[in-house]
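Reading through the structure tokens given below for one structure.
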Amino acid sequence: MFITFEGIDFSGKSTQAKQLYNYLKRKKKKVIFVREPGGTKLSEKIRELLLDKKNDNMTNVSEFLLFSASRNQLTNEIIIPYLKKKYIVICDRYYDSSTAYQGYGGKIELNSLSLVNKIASSGLIPDRTFLLDISYKDTLKRKTKTGTEDRIEKRKSDYYNKVAKGYLTIAKQNRKRFRILDAMQPKEEIFIKILKDLNI
Ligand code: TYD
């Protein structure tokens with residue numbers, strides 16, 4: 001089973017993804033946890049390029065293709081081989097992140113984006129995707145004043161509002177695969193909903 005977690009920065013998706021991983025591990029299930037961008041040697045190098053604030057002249061298309069390259073490495077080096085070994089694979093972000101950030105938030109035309117997403121994921125589709133739904137305004141309350149922002153997090157409210165809305169549109173277009181969770185609820189309650197849904 002391939003499970004992905006999506007949401008804007010500070011939605012709490014990584015907390016839930018890791019909690020699920022730890023829970024399944026305790027239950028002695030065969031499970032691995034990976035994150036995007038990153039997860040392989042090459043993908044982690046691409047991650048550095050993507051998040052480095054010095055790369056402020058990166059074009060939208062380069063950005064999208066780098067995320068896609070990182071994804072294809074992760075998919076073929078880790079995700080597919082582990083799924084073949086009957087592992088549960090938990091991934092913190094997958095191609096829906098590109099649709100939301102580079103498509104709805106950025107300037108990549110959605111039809112072309114969807115085609116590249118298919119290539120980058122080698123046709124693999126998550127079995128379940130949890131969307132931690134939260135408004136950009138609410139995430140501001142969670143940010144610590146001292147925290148440093150990466151190249152993408154530096155973008156402002158207009159961008160993040162579009163990304164958050166984009167996620168909801170994607171979820172509504174893929175109702176069977178998606179579960180929308182209210183990210184403003186206590187994290188314990190959100191986790192119970194995830195477990196109930198997965199029935200594991
Ligand atoms: P994130 O998982 O939020 O990293 P962190 O460990 O810092 O929480 O991902 C880093 C950033 O990359 C985040 O702002 C979202 C962005 N992103 C995209 O814009 N497109 C993508 O396809 C992916 C996977 C991430």
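Chain labels follow the order of the structure tokens: the first chain is A, the next B, and so on; residue numbering restarts at 1 in every chain, and ligands are counted from 1 in their shown order.
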All residues 7 Å or closer to A:Thr4, only C-alpha atoms, same chain fewer than 6 positions away omitted, as a VMD selection string
chain A and resid 90 to 94 126 128 to 130
Please produce an output containing N, CA and C atoms for each residue in the selection, written as a PDB file, in the first residue's frame.
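After the write, part_35.pdb holds the following:
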ATOM      1  N   ILE A  90       5.080   4.990   3.113  1.00  0.00           N
ATOM      2  CA  ILE A  90       4.488   6.267   3.501  1.00  0.00           C
ATOM      3  C   ILE A  90       5.361   7.369   2.927  1.00  0.00           C
ATOM      4  N   CYS A  91       4.769   8.245   2.147  1.00  0.00           N
ATOM      5  CA  CYS A  91       5.555   9.306   1.514  1.00  0.00           C
ATOM      6  C   CYS A  91       5.010  10.680   1.908  1.00  0.00           C
ATOM      7  N   ASP A  92       5.925  11.499   2.449  1.00  0.00           N
ATOM      8  CA  ASP A  92       5.601  12.869   2.834  1.00  0.00           C
ATOM      9  C   ASP A  92       5.731  13.727   1.566  1.00  0.00           C
ATOM     10  N   ARG A  93       4.621  14.011   0.924  1.00  0.00           N
ATOM     11  CA  ARG A  93       4.491  14.688  -0.376  1.00  0.00           C
ATOM     12  C   ARG A  93       4.744  13.739  -1.538  1.00  0.00           C
ATOM     13  N   TYR A  94       3.970  13.928  -2.629  1.00  0.00           N
ATOM     14  CA  TYR A  94       4.224  13.224  -3.892  1.00  0.00           C
ATOM     15  C   TYR A  94       3.765  14.153  -5.006  1.00  0.00           C
ATOM     16  N   PRO A 126      -0.790   6.926  -5.746  1.00  0.00           N
ATOM     17  CA  PRO A 126      -0.974   6.516  -4.343  1.00  0.00           C
ATOM     18  C   PRO A 126      -2.325   5.804  -4.145  1.00  0.00           C
ATOM     19  N   ARG A 128      -3.831   5.856  -1.144  1.00  0.00           N
ATOM     20  CA  ARG A 128      -4.553   6.780  -0.273  1.00  0.00           C
ATOM     21  C   ARG A 128      -3.718   8.045  -0.093  1.00  0.00           C
ATOM     22  N   THR A 129      -4.376   9.213  -0.183  1.00  0.00           N
ATOM     23  CA  THR A 129      -3.689  10.481   0.056  1.00  0.00           C
ATOM     24  C   THR A 129      -4.445  11.270   1.112  1.00  0.00           C
ATOM     25  N   PHE A 130      -3.741  11.615   2.191  1.00  0.00           N
ATOM     26  CA  PHE A 130      -4.352  12.435   3.240  1.00  0.00           C
ATOM     27  C   PHE A 130      -3.957  13.888   3.019  1.00  0.00           C
TER      28      PHE A 130
END
At a cut-off of 9 Å and counting only C-alpha atoms and all ligand atoms, what residues surround ligand 1? Please answer as number ranges by chain.
A: 6-10, 13-14, 35-38, 47, 50-51, 63-64, 66-68, 70-71, 92-102, 105-106, 149-155
With a distance cut-off of 9 Å and only C-alpha atoms, select the neighbouring residues of A:Ala183, excluding the residue or stretch itself and same-chain residues fewer than 4 positions from it, and output the selection as a PDB file with all heavy atoms, in the first residue's frame.
ATOM      1  N   GLY A   7      -0.271  18.816   1.910  1.00  0.00           N
ATOM      2  CA  GLY A   7      -0.751  20.002   2.616  1.00  0.00           C
ATOM      3  C   GLY A   7       0.274  21.110   2.481  1.00  0.00           C
ATOM      4  O   GLY A   7       1.438  20.839   2.136  1.00  0.00           O
ATOM      5  N   SER A  11       1.177  22.618   7.809  1.00  0.00           N
ATOM      6  CA  SER A  11      -0.160  22.027   7.946  1.00  0.00           C
ATOM      7  C   SER A  11      -0.133  20.882   8.954  1.00  0.00           C
ATOM      8  O   SER A  11      -1.174  20.445   9.431  1.00  0.00           O
ATOM      9  CB  SER A  11      -0.649  21.498   6.591  1.00  0.00           C
ATOM     10  OG  SER A  11       0.243  20.509   6.117  1.00  0.00           O
ATOM     11  N   GLY A  12       1.065  20.372   9.244  1.00  0.00           N
ATOM     12  CA  GLY A  12       1.193  19.249  10.186  1.00  0.00           C
ATOM     13  C   GLY A  12       1.239  17.900   9.496  1.00  0.00           C
ATOM     14  O   GLY A  12       1.179  16.863  10.150  1.00  0.00           O
ATOM     15  N   LYS A  13       1.380  17.887   8.184  1.00  0.00           N
ATOM     16  CA  LYS A  13       1.379  16.611   7.457  1.00  0.00           C
ATOM     17  C   LYS A  13       2.554  15.710   7.840  1.00  0.00           C
ATOM     18  O   LYS A  13       2.396  14.506   7.944  1.00  0.00           O
ATOM     19  CB  LYS A  13       1.343  16.830   5.944  1.00  0.00           C
ATOM     20  CG  LYS A  13       2.546  17.581   5.494  1.00  0.00           C
ATOM     21  CD  LYS A  13       2.750  17.658   4.030  1.00  0.00           C
ATOM     22  CE  LYS A  13       3.998  18.492   3.774  1.00  0.00           C
ATOM     23  NZ  LYS A  13       5.219  18.112   4.484  1.00  0.00           N
ATOM     24  N   LEU A 131      -4.987  14.731   2.883  1.00  0.00           N
ATOM     25  CA  LEU A 131      -4.722  16.164   2.740  1.00  0.00           C
ATOM     26  C   LEU A 131      -4.997  16.855   4.071  1.00  0.00           C
ATOM     27  O   LEU A 131      -6.114  16.803   4.592  1.00  0.00           O
ATOM     28  CB  LEU A 131      -5.626  16.763   1.647  1.00  0.00           C
ATOM     29  CG  LEU A 131      -5.614  18.292   1.542  1.00  0.00           C
ATOM     30  CD1 LEU A 131      -4.235  18.826   1.218  1.00  0.00           C
ATOM     31  CD2 LEU A 131      -6.620  18.765   0.488  1.00  0.00           C
ATOM     32  N   LEU A 132      -3.963  17.470   4.643  1.00  0.00           N
ATOM     33  CA  LEU A 132      -4.123  18.254   5.873  1.00  0.00           C
ATOM     34  C   LEU A 132      -4.530  19.662   5.442  1.00  0.00           C
ATOM     35  O   LEU A 132      -3.692  20.437   4.980  1.00  0.00           O
ATOM     36  CB  LEU A 132      -2.817  18.267   6.654  1.00  0.00           C
ATOM     37  CG  LEU A 132      -2.471  17.087   7.568  1.00  0.00           C
ATOM     38  CD1 LEU A 132      -3.360  17.080   8.802  1.00  0.00           C
ATOM     39  CD2 LEU A 132      -2.588  15.733   6.879  1.00  0.00           C
ATOM     40  N   ASP A 133      -5.805  19.921   5.558  1.00  0.00           N
ATOM     41  CA  ASP A 133      -6.354  21.168   5.021  1.00  0.00           C
ATOM     42  C   ASP A 133      -6.295  22.293   6.053  1.00  0.00           C
ATOM     43  O   ASP A 133      -6.792  22.148   7.166  1.00  0.00           O
ATOM     44  CB  ASP A 133      -7.806  20.910   4.588  1.00  0.00           C
ATOM     45  CG  ASP A 133      -8.467  22.157   4.045  1.00  0.00           C
ATOM     46  OD1 ASP A 133      -7.792  22.918   3.324  1.00  0.00           O
ATOM     47  OD2 ASP A 133      -9.660  22.384   4.355  1.00  0.00           O
ATOM     48  N   ILE A 134      -5.671  23.399   5.648  1.00  0.00           N
ATOM     49  CA  ILE A 134      -5.525  24.553   6.541  1.00  0.00           C
ATOM     50  C   ILE A 134      -5.365  25.803   5.672  1.00  0.00           C
ATOM     51  O   ILE A 134      -4.829  25.725   4.564  1.00  0.00           O
ATOM     52  CB  ILE A 134      -4.287  24.344   7.467  1.00  0.00           C
ATOM     53  CG1 ILE A 134      -4.214  25.406   8.568  1.00  0.00           C
ATOM     54  CG2 ILE A 134      -2.983  24.307   6.673  1.00  0.00           C
ATOM     55  CD1 ILE A 134      -3.195  25.097   9.664  1.00  0.00           C
ATOM     56  N   LYS A 187      -3.943  17.220  17.034  1.00  0.00           N
ATOM     57  CA  LYS A 187      -3.254  16.209  16.219  1.00  0.00           C
ATOM     58  C   LYS A 187      -3.625  14.773  16.581  1.00  0.00           C
ATOM     59  O   LYS A 187      -3.637  13.905  15.707  1.00  0.00           O
ATOM     60  CB  LYS A 187      -1.745  16.420  16.200  1.00  0.00           C
ATOM     61  CG  LYS A 187      -1.036  16.449  17.526  1.00  0.00           C
ATOM     62  CD  LYS A 187       0.470  16.567  17.250  1.00  0.00           C
ATOM     63  CE  LYS A 187       1.255  16.402  18.502  1.00  0.00           C
ATOM     64  NZ  LYS A 187       1.642  17.650  19.166  1.00  0.00           N
ATOM     65  N   ILE A 190      -6.805  13.935  14.677  1.00  0.00           N
ATOM     66  CA  ILE A 190      -6.522  13.730  13.247  1.00  0.00           C
ATOM     67  C   ILE A 190      -5.952  12.329  13.045  1.00  0.00           C
ATOM     68  O   ILE A 190      -6.347  11.598  12.139  1.00  0.00           O
ATOM     69  CB  ILE A 190      -5.524  14.795  12.719  1.00  0.00           C
ATOM     70  CG1 ILE A 190      -6.116  16.199  12.860  1.00  0.00           C
ATOM     71  CG2 ILE A 190      -5.153  14.518  11.266  1.00  0.00           C
ATOM     72  CD1 ILE A 190      -5.168  17.328  12.501  1.00  0.00           C
TER      73      ILE A 190
END
Could you check which of A:Ile170, A:Ile88, A:Ile192, A:Ile180 is closest to A:Lys28, using only C-alpha atoms?
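Among the listed residues, the smallest separation from A:Lys28 belongs to A:Ile88.
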Which of stretch 40-183 of chain A DSSP labels helix (DSSP H, G or I), written as a ChimeraX atom specification
/A:41-51,60-84,95-105,110-120,136-140,157-173
Contacts of A:Glu77 within 12 Å, only C-alpha atoms, excl. fewer than 5 positions in-chain, as a CSV table (one decimal) with all heavy atoms, in the first residue's frame:
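So part.csv came out as:
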chain,number,residue,atom,x,y,z
A,34,VAL,N,9.4,7.8,3.5
A,34,VAL,CA,10.2,8.6,2.6
A,34,VAL,C,9.6,10.0,2.5
A,34,VAL,O,8.4,10.2,2.8
A,34,VAL,CB,10.4,8.0,1.2
A,34,VAL,CG1,11.4,6.9,1.2
A,34,VAL,CG2,9.1,7.6,0.6
A,38,GLY,N,13.6,14.5,-2.1
A,38,GLY,CA,14.7,13.8,-1.4
A,38,GLY,C,14.5,12.3,-1.4
A,38,GLY,O,13.8,11.8,-2.2
A,39,GLY,N,15.1,11.7,-0.4
A,39,GLY,CA,14.9,10.2,-0.2
A,39,GLY,C,15.9,9.3,-0.8
A,39,GLY,O,16.0,8.2,-0.5
A,40,THR,N,16.7,9.8,-1.8
A,40,THR,CA,17.8,9.1,-2.4
A,40,THR,C,19.0,10.0,-2.4
A,40,THR,O,18.8,11.2,-2.3
A,40,THR,CB,17.6,8.5,-3.8
A,40,THR,OG1,17.6,9.6,-4.7
A,40,THR,CG2,16.2,7.9,-3.9
A,41,LYS,N,20.2,9.5,-2.7
A,41,LYS,CA,21.4,10.3,-2.7
A,41,LYS,C,21.2,11.5,-3.7
A,41,LYS,O,21.4,12.6,-3.4
A,41,LYS,CB,22.6,9.5,-3.2
A,41,LYS,CG,23.8,9.6,-2.2
A,41,LYS,CD,24.8,8.6,-2.6
A,41,LYS,CE,26.1,9.0,-1.9
A,41,LYS,NZ,27.2,8.1,-2.3
A,42,LEU,N,20.8,11.1,-5.0
A,42,LEU,CA,20.6,12.1,-6.0
A,42,LEU,C,19.5,13.0,-5.7
A,42,LEU,O,19.6,14.3,-5.9
A,42,LEU,CB,20.3,11.3,-7.3
A,42,LEU,CG,20.4,12.1,-8.6
A,42,LEU,CD1,21.8,12.8,-8.8
A,42,LEU,CD2,20.3,11.1,-9.8
A,43,SER,N,18.4,12.5,-5.2
A,43,SER,CA,17.2,13.3,-4.8
A,43,SER,C,17.5,14.3,-3.7
A,43,SER,O,17.0,15.5,-3.7
A,43,SER,CB,16.0,12.5,-4.4
A,43,SER,OG,15.7,11.5,-5.4
A,70,SER,N,13.7,14.5,-9.0
A,70,SER,CA,13.9,14.0,-7.7
A,70,SER,C,12.8,12.9,-7.5
A,70,SER,O,13.1,11.8,-6.9
A,70,SER,CB,13.7,15.1,-6.7
A,70,SER,OG,13.4,14.6,-5.4
A,71,ARG,N,11.6,13.1,-7.9
A,71,ARG,CA,10.5,12.1,-7.7
A,71,ARG,C,10.8,10.9,-8.5
A,71,ARG,O,10.5,9.8,-8.0
A,71,ARG,CB,9.2,12.8,-8.2
A,71,ARG,CG,8.0,11.9,-8.1
A,71,ARG,CD,6.8,12.8,-8.2
A,71,ARG,NE,6.8,13.9,-7.3
A,71,ARG,CZ,6.6,15.2,-7.6
A,71,ARG,NH1,6.2,15.5,-8.8
A,71,ARG,NH2,6.7,16.1,-6.7
A,72,ASN,N,11.3,11.0,-9.7
A,72,ASN,CA,11.5,9.8,-10.5
A,72,ASN,C,12.6,8.9,-9.9
A,72,ASN,O,12.4,7.6,-9.9
A,72,ASN,CB,11.8,10.1,-11.9
A,72,ASN,CG,11.7,8.9,-12.8
A,72,ASN,OD1,12.7,8.4,-13.4
A,72,ASN,ND2,10.5,8.4,-13.0
A,82,TYR,N,10.1,-1.4,-2.9
A,82,TYR,CA,9.5,-1.7,-1.6
A,82,TYR,C,8.1,-2.2,-1.7
A,82,TYR,O,7.6,-3.1,-1.0
A,82,TYR,CB,9.7,-0.6,-0.6
A,82,TYR,CG,11.0,-0.6,0.2
A,82,TYR,CD1,12.1,0.1,-0.3
A,82,TYR,CD2,11.2,-1.4,1.3
A,82,TYR,CE1,13.3,0.0,0.3
A,82,TYR,CE2,12.4,-1.5,1.9
A,82,TYR,CZ,13.5,-0.8,1.4
A,82,TYR,OH,14.7,-0.9,2.1
A,83,LEU,N,7.4,-1.5,-2.6
A,83,LEU,CA,6.0,-2.0,-2.8
A,83,LEU,C,6.0,-3.4,-3.4
A,83,LEU,O,5.1,-4.2,-3.0
A,83,LEU,CB,5.2,-1.0,-3.8
A,83,LEU,CG,4.9,0.3,-3.3
A,83,LEU,CD1,4.3,1.2,-4.4
A,83,LEU,CD2,3.9,0.2,-2.1
A,84,LYS,N,6.9,-3.7,-4.2
A,84,LYS,CA,7.0,-5.1,-4.7
A,84,LYS,C,7.3,-6.1,-3.6
A,84,LYS,O,6.9,-7.2,-3.7
A,84,LYS,CB,8.1,-5.2,-5.8
A,84,LYS,CG,7.7,-4.6,-7.1
A,84,LYS,CD,8.7,-5.0,-8.2
A,84,LYS,CE,8.2,-4.4,-9.6
A,84,LYS,NZ,9.3,-4.0,-10.4
A,121,SER,N,6.4,10.0,-12.0
A,121,SER,CA,6.0,8.9,-11.0
A,121,SER,C,6.0,7.6,-11.6
A,121,SER,O,5.5,6.6,-11.0
A,121,SER,CB,4.6,9.3,-10.5
A,121,SER,OG,3.7,9.4,-11.5
A,122,SER,N,6.5,7.5,-12.9
A,122,SER,CA,6.4,6.2,-13.6
A,122,SER,C,5.1,5.5,-13.6
A,122,SER,O,4.9,4.3,-13.5
A,122,SER,CB,7.5,5.2,-13.1
A,122,SER,OG,8.8,5.8,-13.3
Which parts of stretch 14-188 of chain A does DSSP call strand (DSSP E or B) when run on the backbone here, written out as a list in words?
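DSSP-assigned strand (DSSP E or B) residues in stretch 14-188 of chain A: Val31, Ile32, Phe33, Val34, Arg35, Ile88, Val89, Ile90, Cys91, Asp92, Arg128, Thr129, Phe130, Leu131, Leu132, Asp133, Phe178, Arg179, Ile180, Leu181 and Asp182 of chain A.
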